[in-house]
file run.cif (mmCIF, N, CA and C atoms)
data_work
loop_
_atom_site.group_PDB
_atom_site.id
_atom_site.type_symbol
_atom_site.label_atom_id
_atom_site.label_comp_id
_atom_site.auth_asym_id
_atom_site.auth_seq_id
_atom_site.Cartn_x
_atom_site.Cartn_y
_atom_site.Cartn_z
ATOM 1 N N MET A 154 56.953 -101.991 38.203
ATOM 2 C CA MET A 154 55.908 -101.887 39.207
ATOM 3 C C MET A 154 56.468 -102.310 40.554
ATOM 4 N N ARG A 155 56.143 -101.571 41.576
ATOM 5 C CA ARG A 155 56.673 -101.829 42.909
ATOM 6 C C ARG A 155 55.721 -102.671 43.731
ATOM 7 N N GLY A 156 56.292 -103.344 44.721
ATOM 8 C CA GLY A 156 55.490 -104.099 45.664
ATOM 9 C C GLY A 156 54.835 -103.168 46.668
ATOM 10 N N ALA A 157 53.900 -103.685 47.439
ATOM 11 C CA ALA A 157 53.125 -102.866 48.367
ATOM 12 C C ALA A 157 53.981 -102.192 49.425
ATOM 13 N N GLY A 158 55.047 -102.825 49.888
ATOM 14 C CA GLY A 158 55.849 -102.265 50.969
ATOM 15 C C GLY A 158 57.159 -101.659 50.514
ATOM 16 N N SER A 159 57.210 -101.151 49.297
ATOM 17 C CA SER A 159 58.496 -100.715 48.765
ATOM 18 C C SER A 159 58.888 -99.298 49.153
ATOM 19 N N ARG A 160 57.981 -98.489 49.697
ATOM 20 C CA ARG A 160 58.336 -97.115 50.055
ATOM 21 C C ARG A 160 57.913 -96.824 51.479
ATOM 22 N N SER A 161 58.656 -95.946 52.101
ATOM 23 C CA SER A 161 58.322 -95.509 53.443
ATOM 24 C C SER A 161 58.320 -93.997 53.459
ATOM 25 N N ASP A 162 57.256 -93.400 53.962
ATOM 26 C CA ASP A 162 57.181 -91.949 54.018
ATOM 27 C C ASP A 162 57.475 -91.415 55.407
ATOM 28 N N GLY A 163 57.839 -92.288 56.325
ATOM 29 C CA GLY A 163 58.033 -91.890 57.703
ATOM 30 C C GLY A 163 59.416 -91.375 58.046
ATOM 31 N N GLY A 164 60.284 -91.182 57.067
ATOM 32 C CA GLY A 164 61.606 -90.658 57.350
ATOM 33 C C GLY A 164 62.597 -91.717 57.816
ATOM 34 N N SER A 165 62.158 -92.950 57.936
ATOM 35 C CA SER A 165 63.070 -94.006 58.327
ATOM 36 C C SER A 165 63.796 -94.516 57.084
ATOM 37 N N VAL A 166 64.612 -95.534 57.259
ATOM 38 C CA VAL A 166 65.356 -96.083 56.132
ATOM 39 C C VAL A 166 64.380 -96.625 55.109
ATOM 40 N N VAL A 167 64.532 -96.169 53.884
ATOM 41 C CA VAL A 167 63.671 -96.625 52.810
ATOM 42 C C VAL A 167 64.377 -97.752 52.091
ATOM 43 N N THR A 168 63.683 -98.837 51.893
ATOM 44 C CA THR A 168 64.252 -99.939 51.134
ATOM 45 C C THR A 168 63.349 -100.236 49.961
ATOM 46 N N THR A 169 63.913 -100.855 48.953
ATOM 47 C CA THR A 169 63.146 -101.227 47.786
ATOM 48 C C THR A 169 62.829 -102.708 47.878
ATOM 49 N N ASP A 170 62.200 -103.260 46.867
ATOM 50 C CA ASP A 170 61.716 -104.635 46.914
ATOM 51 C C ASP A 170 62.776 -105.664 47.280
ATOM 52 N N SER A 171 63.998 -105.508 46.820
ATOM 53 C CA SER A 171 65.026 -106.504 47.106
ATOM 54 C C SER A 171 65.870 -106.101 48.313
ATOM 55 N N SER A 172 65.356 -105.232 49.142
ATOM 56 C CA SER A 172 65.978 -104.767 50.379
ATOM 57 C C SER A 172 67.317 -104.064 50.172
ATOM 58 N N LEU A 173 67.440 -103.316 49.081
ATOM 59 C CA LEU A 173 68.592 -102.450 48.871
ATOM 60 C C LEU A 173 68.343 -101.193 49.693
ATOM 61 N N SER A 174 69.156 -100.972 50.716
ATOM 62 C CA SER A 174 68.934 -99.815 51.576
ATOM 63 C C SER A 174 69.487 -98.558 50.925
ATOM 64 N N ILE A 175 68.989 -97.424 51.375
ATOM 65 C CA ILE A 175 69.462 -96.138 50.870
ATOM 66 C C ILE A 175 70.949 -95.978 51.197
ATOM 67 N N GLU A 176 71.373 -96.457 52.357
ATOM 68 C CA GLU A 176 72.778 -96.366 52.735
ATOM 69 C C GLU A 176 73.658 -97.170 51.784
ATOM 70 N N ASN A 177 73.209 -98.366 51.396
ATOM 71 C CA ASN A 177 73.972 -99.174 50.444
ATOM 72 C C ASN A 177 74.012 -98.507 49.075
ATOM 73 N N LEU A 178 72.924 -97.896 48.695
ATOM 74 C CA LEU A 178 72.862 -97.164 47.432
ATOM 75 C C LEU A 178 73.841 -95.983 47.470
ATOM 76 N N ALA A 179 73.873 -95.270 48.596
ATOM 77 C CA ALA A 179 74.812 -94.156 48.763
ATOM 78 C C ALA A 179 76.254 -94.658 48.680
ATOM 79 N N ASP A 180 76.540 -95.815 49.263
ATOM 80 C CA ASP A 180 77.889 -96.386 49.188
ATOM 81 C C ASP A 180 78.276 -96.710 47.747
ATOM 82 N N ASP A 181 77.332 -97.256 46.981
ATOM 83 C CA ASP A 181 77.594 -97.551 45.569
ATOM 84 C C ASP A 181 77.840 -96.266 44.777
ATOM 85 N N MET A 182 77.060 -95.240 45.079
ATOM 86 C CA MET A 182 77.246 -93.956 44.406
ATOM 87 C C MET A 182 78.606 -93.362 44.750
ATOM 88 N N PHE A 183 78.982 -93.425 46.020
ATOM 89 C CA PHE A 183 80.275 -92.902 46.448
ATOM 90 C C PHE A 183 81.411 -93.618 45.721
ATOM 91 N N ALA A 184 81.294 -94.934 45.588
ATOM 92 C CA ALA A 184 82.321 -95.713 44.888
ATOM 93 C C ALA A 184 82.443 -95.247 43.433
ATOM 94 N N LEU A 185 81.322 -94.951 42.799
ATOM 95 C CA LEU A 185 81.348 -94.478 41.414
ATOM 96 C C LEU A 185 81.975 -93.086 41.314
ATOM 97 N N VAL A 186 81.608 -92.195 42.226
ATOM 98 C CA VAL A 186 82.198 -90.851 42.236
ATOM 99 C C VAL A 186 83.705 -90.955 42.459
ATOM 100 N N LYS A 187 84.110 -91.814 43.368
ATOM 101 C CA LYS A 187 85.536 -91.993 43.669
ATOM 102 C C LYS A 187 86.271 -92.563 42.456
ATOM 103 N N GLU A 188 85.646 -93.521 41.787
ATOM 104 C CA GLU A 188 86.245 -94.141 40.602
ATOM 105 C C GLU A 188 86.421 -93.140 39.456
ATOM 106 N N CYS A 189 85.481 -92.221 39.316
ATOM 107 C CA CYS A 189 85.515 -91.243 38.226
ATOM 108 C C CYS A 189 86.280 -89.967 38.584
ATOM 109 N N ALA A 190 86.717 -89.835 39.816
ATOM 110 C CA ALA A 190 87.401 -88.622 40.273
ATOM 111 C C ALA A 190 88.609 -88.323 39.398
ATOM 112 N N GLY A 191 88.666 -87.096 38.912
ATOM 113 C CA GLY A 191 89.779 -86.669 38.074
ATOM 114 C C GLY A 191 89.657 -87.064 36.618
ATOM 115 N N LYS A 192 88.716 -87.953 36.314
ATOM 116 C CA LYS A 192 88.536 -88.412 34.939
ATOM 117 C C LYS A 192 87.282 -87.819 34.313
ATOM 118 N N ARG A 193 86.220 -87.777 35.112
ATOM 119 C CA ARG A 193 84.927 -87.353 34.607
ATOM 120 C C ARG A 193 84.108 -86.754 35.741
ATOM 121 N N LYS A 194 83.412 -85.663 35.459
ATOM 122 C CA LYS A 194 82.519 -85.063 36.452
ATOM 123 C C LYS A 194 81.136 -85.690 36.284
ATOM 124 N N LEU A 195 80.531 -86.066 37.398
ATOM 125 C CA LEU A 195 79.230 -86.711 37.375
ATOM 126 C C LEU A 195 78.144 -85.773 37.872
ATOM 127 N N LYS A 196 77.037 -85.746 37.171
ATOM 128 C CA LYS A 196 75.857 -85.008 37.615
ATOM 129 C C LYS A 196 74.972 -85.971 38.401
ATOM 130 N N ALA A 197 74.023 -85.417 39.131
ATOM 131 C CA ALA A 197 73.092 -86.249 39.903
ATOM 132 C C ALA A 197 72.367 -87.230 38.980
ATOM 133 N N GLY A 198 71.989 -86.770 37.810
ATOM 134 C CA GLY A 198 71.304 -87.638 36.851
ATOM 135 C C GLY A 198 72.179 -88.784 36.370
ATOM 136 N N ASP A 199 73.486 -88.532 36.239
ATOM 137 C CA ASP A 199 74.415 -89.597 35.847
ATOM 138 C C ASP A 199 74.462 -90.690 36.907
ATOM 139 N N LEU A 200 74.518 -90.268 38.170
ATOM 140 C CA LEU A 200 74.544 -91.238 39.269
ATOM 141 C C LEU A 200 73.244 -92.030 39.323
ATOM 142 N N THR A 201 72.129 -91.338 39.151
ATOM 143 C CA THR A 201 70.825 -92.001 39.185
ATOM 144 C C THR A 201 70.725 -93.044 38.072
ATOM 145 N N LYS A 202 71.084 -92.657 36.858
ATOM 146 C CA LYS A 202 71.021 -93.593 35.723
ATOM 147 C C LYS A 202 71.943 -94.788 35.939
ATOM 148 N N ALA A 203 73.137 -94.545 36.464
ATOM 149 C CA ALA A 203 74.083 -95.634 36.704
ATOM 150 C C ALA A 203 73.554 -96.613 37.748
ATOM 151 N N MET A 204 72.927 -96.094 38.804
ATOM 152 C CA MET A 204 72.409 -96.966 39.858
ATOM 153 C C MET A 204 71.196 -97.762 39.377
ATOM 154 N N ILE A 205 70.347 -97.138 38.579
ATOM 155 C CA ILE A 205 69.197 -97.859 38.031
ATOM 156 C C ILE A 205 69.681 -98.940 37.073
ATOM 157 N N ALA A 206 70.707 -98.629 36.276
ATOM 158 C CA ALA A 206 71.270 -99.626 35.364
ATOM 159 C C ALA A 206 71.915 -100.784 36.138
ATOM 160 N N LYS A 207 72.576 -100.460 37.241
ATOM 161 C CA LYS A 207 73.253 -101.485 38.034
ATOM 162 C C LYS A 207 72.278 -102.375 38.801
ATOM 163 N N HIS A 208 71.294 -101.742 39.452
ATOM 164 C CA HIS A 208 70.395 -102.491 40.336
ATOM 165 C C HIS A 208 69.055 -102.836 39.705
ATOM 166 N N GLY A 209 68.704 -102.197 38.596
ATOM 167 C CA GLY A 209 67.434 -102.458 37.929
ATOM 168 C C GLY A 209 66.322 -101.561 38.432
ATOM 169 N N GLU A 210 65.365 -101.309 37.573
ATOM 170 C CA GLU A 210 64.242 -100.426 37.914
ATOM 171 C C GLU A 210 63.368 -100.993 39.021
ATOM 172 N N GLN A 211 63.343 -102.302 39.158
ATOM 173 C CA GLN A 211 62.531 -102.922 40.203
ATOM 174 C C GLN A 211 63.138 -102.711 41.590
ATOM 175 N N THR A 212 64.435 -102.490 41.631
ATOM 176 C CA THR A 212 65.154 -102.390 42.896
ATOM 177 C C THR A 212 65.480 -100.957 43.284
ATOM 178 N N CYS A 213 65.685 -100.106 42.286
ATOM 179 C CA CYS A 213 66.189 -98.765 42.527
ATOM 180 C C CYS A 213 65.354 -97.759 41.728
ATOM 181 N N ASP A 214 64.880 -96.706 42.398
ATOM 182 C CA ASP A 214 64.109 -95.683 41.688
ATOM 183 C C ASP A 214 64.721 -94.304 41.928
ATOM 184 N N LYS A 215 64.185 -93.298 41.244
ATOM 185 C CA LYS A 215 64.736 -91.941 41.336
ATOM 186 C C LYS A 215 64.644 -91.373 42.742
ATOM 187 N N GLU A 216 63.571 -91.643 43.447
ATOM 188 C CA GLU A 216 63.418 -91.131 44.816
ATOM 189 C C GLU A 216 64.487 -91.706 45.739
ATOM 190 N N ALA A 217 64.752 -92.996 45.605
ATOM 191 C CA ALA A 217 65.797 -93.625 46.428
ATOM 192 C C ALA A 217 67.152 -93.001 46.106
ATOM 193 N N CYS A 218 67.396 -92.730 44.831
ATOM 194 C CA CYS A 218 68.670 -92.115 44.425
ATOM 195 C C CYS A 218 68.799 -90.709 44.976
ATOM 196 N N LYS A 219 67.716 -89.946 44.973
ATOM 197 C CA LYS A 219 67.751 -88.593 45.536
ATOM 198 C C LYS A 219 68.103 -88.637 47.016
ATOM 199 N N LYS A 220 67.522 -89.578 47.740
ATOM 200 C CA LYS A 220 67.795 -89.701 49.169
ATOM 201 C C LYS A 220 69.243 -90.142 49.414
ATOM 202 N N ALA A 221 69.747 -91.022 48.559
ATOM 203 C CA ALA A 221 71.135 -91.474 48.697
ATOM 204 C C ALA A 221 72.104 -90.318 48.430
ATOM 205 N N ILE A 222 71.810 -89.500 47.426
ATOM 206 C CA ILE A 222 72.650 -88.337 47.137
ATOM 207 C C ILE A 222 72.624 -87.368 48.317
ATOM 208 N N ARG A 223 71.460 -87.173 48.903
ATOM 209 C CA ARG A 223 71.338 -86.285 50.068
ATOM 210 C C ARG A 223 72.210 -86.796 51.207
ATOM 211 N N ILE A 224 72.260 -88.110 51.418
ATOM 212 C CA ILE A 224 73.109 -88.695 52.458
ATOM 213 C C ILE A 224 74.576 -88.374 52.176
ATOM 214 N N LEU A 225 74.994 -88.532 50.925
ATOM 215 C CA LEU A 225 76.389 -88.250 50.559
ATOM 216 C C LEU A 225 76.756 -86.792 50.800
ATOM 217 N N ILE A 226 75.859 -85.885 50.442
ATOM 218 C CA ILE A 226 76.130 -84.456 50.598
ATOM 219 C C ILE A 226 76.100 -84.068 52.072
ATOM 220 N N ASP A 227 75.074 -84.510 52.791
ATOM 221 C CA ASP A 227 74.937 -84.163 54.211
ATOM 222 C C ASP A 227 76.076 -84.716 55.063
ATOM 223 N N SER A 228 76.594 -85.877 54.687
ATOM 224 C CA SER A 228 77.676 -86.484 55.466
ATOM 225 C C SER A 228 79.037 -85.878 55.134
ATOM 226 N N GLY A 229 79.115 -85.133 54.044
ATOM 227 C CA GLY A 229 80.377 -84.543 53.643
ATOM 228 C C GLY A 229 81.247 -85.458 52.801
ATOM 229 N N ARG A 230 80.750 -86.643 52.492
ATOM 230 C CA ARG A 230 81.523 -87.567 51.655
ATOM 231 C C ARG A 230 81.647 -87.038 50.228
ATOM 232 N N CYS A 231 80.654 -86.293 49.787
ATOM 233 C CA CYS A 231 80.667 -85.664 48.466
ATOM 234 C C CYS A 231 80.164 -84.234 48.611
ATOM 235 N N VAL A 232 80.476 -83.411 47.619
ATOM 236 C CA VAL A 232 80.011 -82.027 47.608
ATOM 237 C C VAL A 232 79.476 -81.702 46.220
ATOM 238 N N TYR A 233 78.595 -80.717 46.176
ATOM 239 C CA TYR A 233 78.147 -80.186 44.889
ATOM 240 C C TYR A 233 79.157 -79.145 44.438
ATOM 241 N N THR A 234 79.492 -79.165 43.163
ATOM 242 C CA THR A 234 80.293 -78.105 42.565
ATOM 243 C C THR A 234 79.510 -77.561 41.379
ATOM 244 N N TYR A 235 79.847 -76.361 40.963
ATOM 245 C CA TYR A 235 79.139 -75.767 39.833
ATOM 246 C C TYR A 235 80.138 -75.174 38.856
ATOM 247 N N LEU A 236 80.064 -75.614 37.617
ATOM 248 C CA LEU A 236 80.867 -75.055 36.541
ATOM 249 C C LEU A 236 80.082 -75.280 35.252
ATOM 250 N N GLY A 237 79.099 -74.410 35.031
ATOM 251 C CA GLY A 237 78.231 -74.577 33.875
ATOM 252 C C GLY A 237 77.178 -75.653 34.083
ATOM 253 N N GLY A 238 77.160 -76.256 35.237
ATOM 254 C CA GLY A 238 76.213 -77.293 35.610
ATOM 255 C C GLY A 238 76.578 -77.784 37.001
ATOM 256 N N SER A 239 75.653 -78.436 37.675
ATOM 257 C CA SER A 239 75.905 -78.949 39.025
ATOM 258 C C SER A 239 76.491 -80.352 38.938
ATOM 259 N N TYR A 240 77.602 -80.542 39.615
ATOM 260 C CA TYR A 240 78.284 -81.832 39.625
ATOM 261 C C TYR A 240 78.469 -82.301 41.065
ATOM 262 N N ILE A 241 78.573 -83.617 41.218
ATOM 263 C CA ILE A 241 78.823 -84.211 42.528
ATOM 264 C C ILE A 241 80.244 -84.754 42.497
ATOM 265 N N GLU A 242 81.086 -84.255 43.427
ATOM 266 C CA GLU A 242 82.493 -84.627 43.446
ATOM 267 C C GLU A 242 82.959 -84.917 44.866
ATOM 268 N N LEU A 243 84.163 -85.448 44.969
ATOM 269 C CA LEU A 243 84.793 -85.651 46.273
ATOM 270 C C LEU A 243 85.259 -84.307 46.820
ATOM 271 N N PRO A 244 85.179 -84.105 48.122
ATOM 272 C CA PRO A 244 85.598 -82.834 48.702
ATOM 273 C C PRO A 244 87.068 -82.510 48.452
ATOM 274 N N SER A 245 87.931 -83.493 48.349
ATOM 275 C CA SER A 245 89.358 -83.258 48.160
ATOM 276 C C SER A 245 89.650 -82.535 46.848
ATOM 277 N N GLN A 246 88.809 -82.721 45.861
ATOM 278 C CA GLN A 246 88.994 -82.037 44.584
ATOM 279 C C GLN A 246 88.684 -80.564 44.706
ATOM 280 N N VAL A 247 87.880 -80.201 45.693
ATOM 281 C CA VAL A 247 87.430 -78.831 45.822
ATOM 282 C C VAL A 247 88.300 -78.045 46.795
ATOM 283 N N ASP A 248 88.529 -78.579 48.004
ATOM 284 C CA ASP A 248 89.206 -77.791 49.028
ATOM 285 C C ASP A 248 90.503 -78.406 49.562
ATOM 286 N N GLY A 249 90.996 -79.458 48.941
ATOM 287 C CA GLY A 249 92.279 -80.014 49.335
ATOM 288 C C GLY A 249 92.245 -80.973 50.514
ATOM 289 N N GLU A 250 91.091 -81.199 51.119
ATOM 290 C CA GLU A 250 91.007 -82.136 52.232
ATOM 291 C C GLU A 250 90.984 -83.569 51.701
ATOM 292 N N ALA A 251 91.408 -84.481 52.504
ATOM 293 C CA ALA A 251 91.359 -85.885 52.117
ATOM 294 C C ALA A 251 89.926 -86.385 52.185
ATOM 295 N N ALA A 252 89.552 -87.197 51.215
ATOM 296 C CA ALA A 252 88.208 -87.788 51.194
ATOM 297 C C ALA A 252 88.139 -88.921 52.206
ATOM 298 N N HIS A 253 86.928 -89.232 52.632
ATOM 299 C CA HIS A 253 86.720 -90.293 53.639
ATOM 300 C C HIS A 253 87.003 -91.622 53.057
#
call {"tool": "encode", "arguments": {"input": "run.cif", "output": "structure tokens"}}
result
Amino acid sequence: MRGAGSRSDGGSVVTTDSSLSIENLADDMFALVKECAGKRKLKAGDLTKAMIAKHGEQTCDKEACKKAIRILIDSGRCVYTYLGGSYIELPSQVDGEAAH
């Protein structure tokens, strides 16, 4: 169950009860994608489950994870790839550029 001020619909930075920002969540996701690069392909659901397991359901929810993934994709730090399913990977694996 969330606290009264845990979500923001105004497009500003959304934080959860323990003040985990979407940007910090995106950084944690990026670290996981980077750690798994070349070993395992991660789907959006894998990242979401890992972040909820790491931060707890009280701190991290699916909506926050979706927004964090959007930040990673929009910033170019990660890209979607498709090979029988949608995966989130580092751009260097796809087009040879160095990752941030």
call {"tool": "resolve_selection", "arguments": {"input": "run.cif", "expression": "the PyMOL selection byres (((chain A and resi 220-231 and name CA) around 6) and name CA)", "output": "ChimeraX atom specification"}}
result
/A:175,179,217-219,232,242-244
call {"tool": "select_by_dssp", "arguments": {"input": "run.cif", "residues": "segment 169-251 of chain A", "states": "strand (DSSP E)", "output": "list in words"}}
result
Val232, Tyr233, Thr234, Tyr235, Ser239, Tyr240, Ile241 and Glu242 of chain A
call {"tool": "write_last_selection", "arguments": {"input": "run.cif", "atoms": "N, CA and C atoms", "output": "PDB file, keeping the file's coordinate frame"}}
result
ATOM      1  N   VAL A 232      80.476 -83.411  47.619  1.00  0.00           N
ATOM      2  CA  VAL A 232      80.011 -82.027  47.608  1.00  0.00           C
ATOM      3  C   VAL A 232      79.476 -81.702  46.220  1.00  0.00           C
ATOM      4  N   TYR A 233      78.595 -80.717  46.176  1.00  0.00           N
ATOM      5  CA  TYR A 233      78.147 -80.186  44.889  1.00  0.00           C
ATOM      6  C   TYR A 233      79.157 -79.145  44.438  1.00  0.00           C
ATOM      7  N   THR A 234      79.492 -79.165  43.163  1.00  0.00           N
ATOM      8  CA  THR A 234      80.293 -78.105  42.565  1.00  0.00           C
ATOM      9  C   THR A 234      79.510 -77.561  41.379  1.00  0.00           C
ATOM     10  N   TYR A 235      79.847 -76.361  40.963  1.00  0.00           N
ATOM     11  CA  TYR A 235      79.139 -75.767  39.833  1.00  0.00           C
ATOM     12  C   TYR A 235      80.138 -75.174  38.856  1.00  0.00           C
ATOM     13  N   SER A 239      75.653 -78.436  37.675  1.00  0.00           N
ATOM     14  CA  SER A 239      75.905 -78.949  39.025  1.00  0.00           C
ATOM     15  C   SER A 239      76.491 -80.352  38.938  1.00  0.00           C
ATOM     16  N   TYR A 240      77.602 -80.542  39.615  1.00  0.00           N
ATOM     17  CA  TYR A 240      78.284 -81.832  39.625  1.00  0.00           C
ATOM     18  C   TYR A 240      78.469 -82.301  41.065  1.00  0.00           C
ATOM     19  N   ILE A 241      78.573 -83.617  41.218  1.00  0.00           N
ATOM     20  CA  ILE A 241      78.823 -84.211  42.528  1.00  0.00           C
ATOM     21  C   ILE A 241      80.244 -84.754  42.497  1.00  0.00           C
ATOM     22  N   GLU A 242      81.086 -84.255  43.427  1.00  0.00           N
ATOM     23  CA  GLU A 242      82.493 -84.627  43.446  1.00  0.00           C
ATOM     24  C   GLU A 242      82.959 -84.917  44.866  1.00  0.00           C
TER      25      GLU A 242
END
call {"tool": "atom_distance", "arguments": {"input": "run.cif", "atom1": "atom N of His208 of chain A", "atom2": "atom C of Thr234 of chain A"}}
result
25.6 Å
call {"tool": "atom_distance", "arguments": {"input": "run.cif", "atom1": "atom CA of Glu210 of chain A", "atom2": "atom CA of Ala190 of chain A"}}
result
26.1 Å
call {"tool": "atom_distance", "arguments": {"input": "run.cif", "atom1": "atom C of Leu195 of chain A", "atom2": "atom CA of Ser239 of chain A"}}
result
7.3 Å
call {"tool": "axis_aligned_box", "arguments": {"input": "run.cif", "around": "segment 198-205 of chain A", "padding_each_side": "3 Å", "output": "lines of an AutoDock Vina configuration file"}}
result
center_x = 71.9
center_y = -92.9
center_z = 37.8
size_x = 11.3
size_y = 18.2
size_z = 10.1
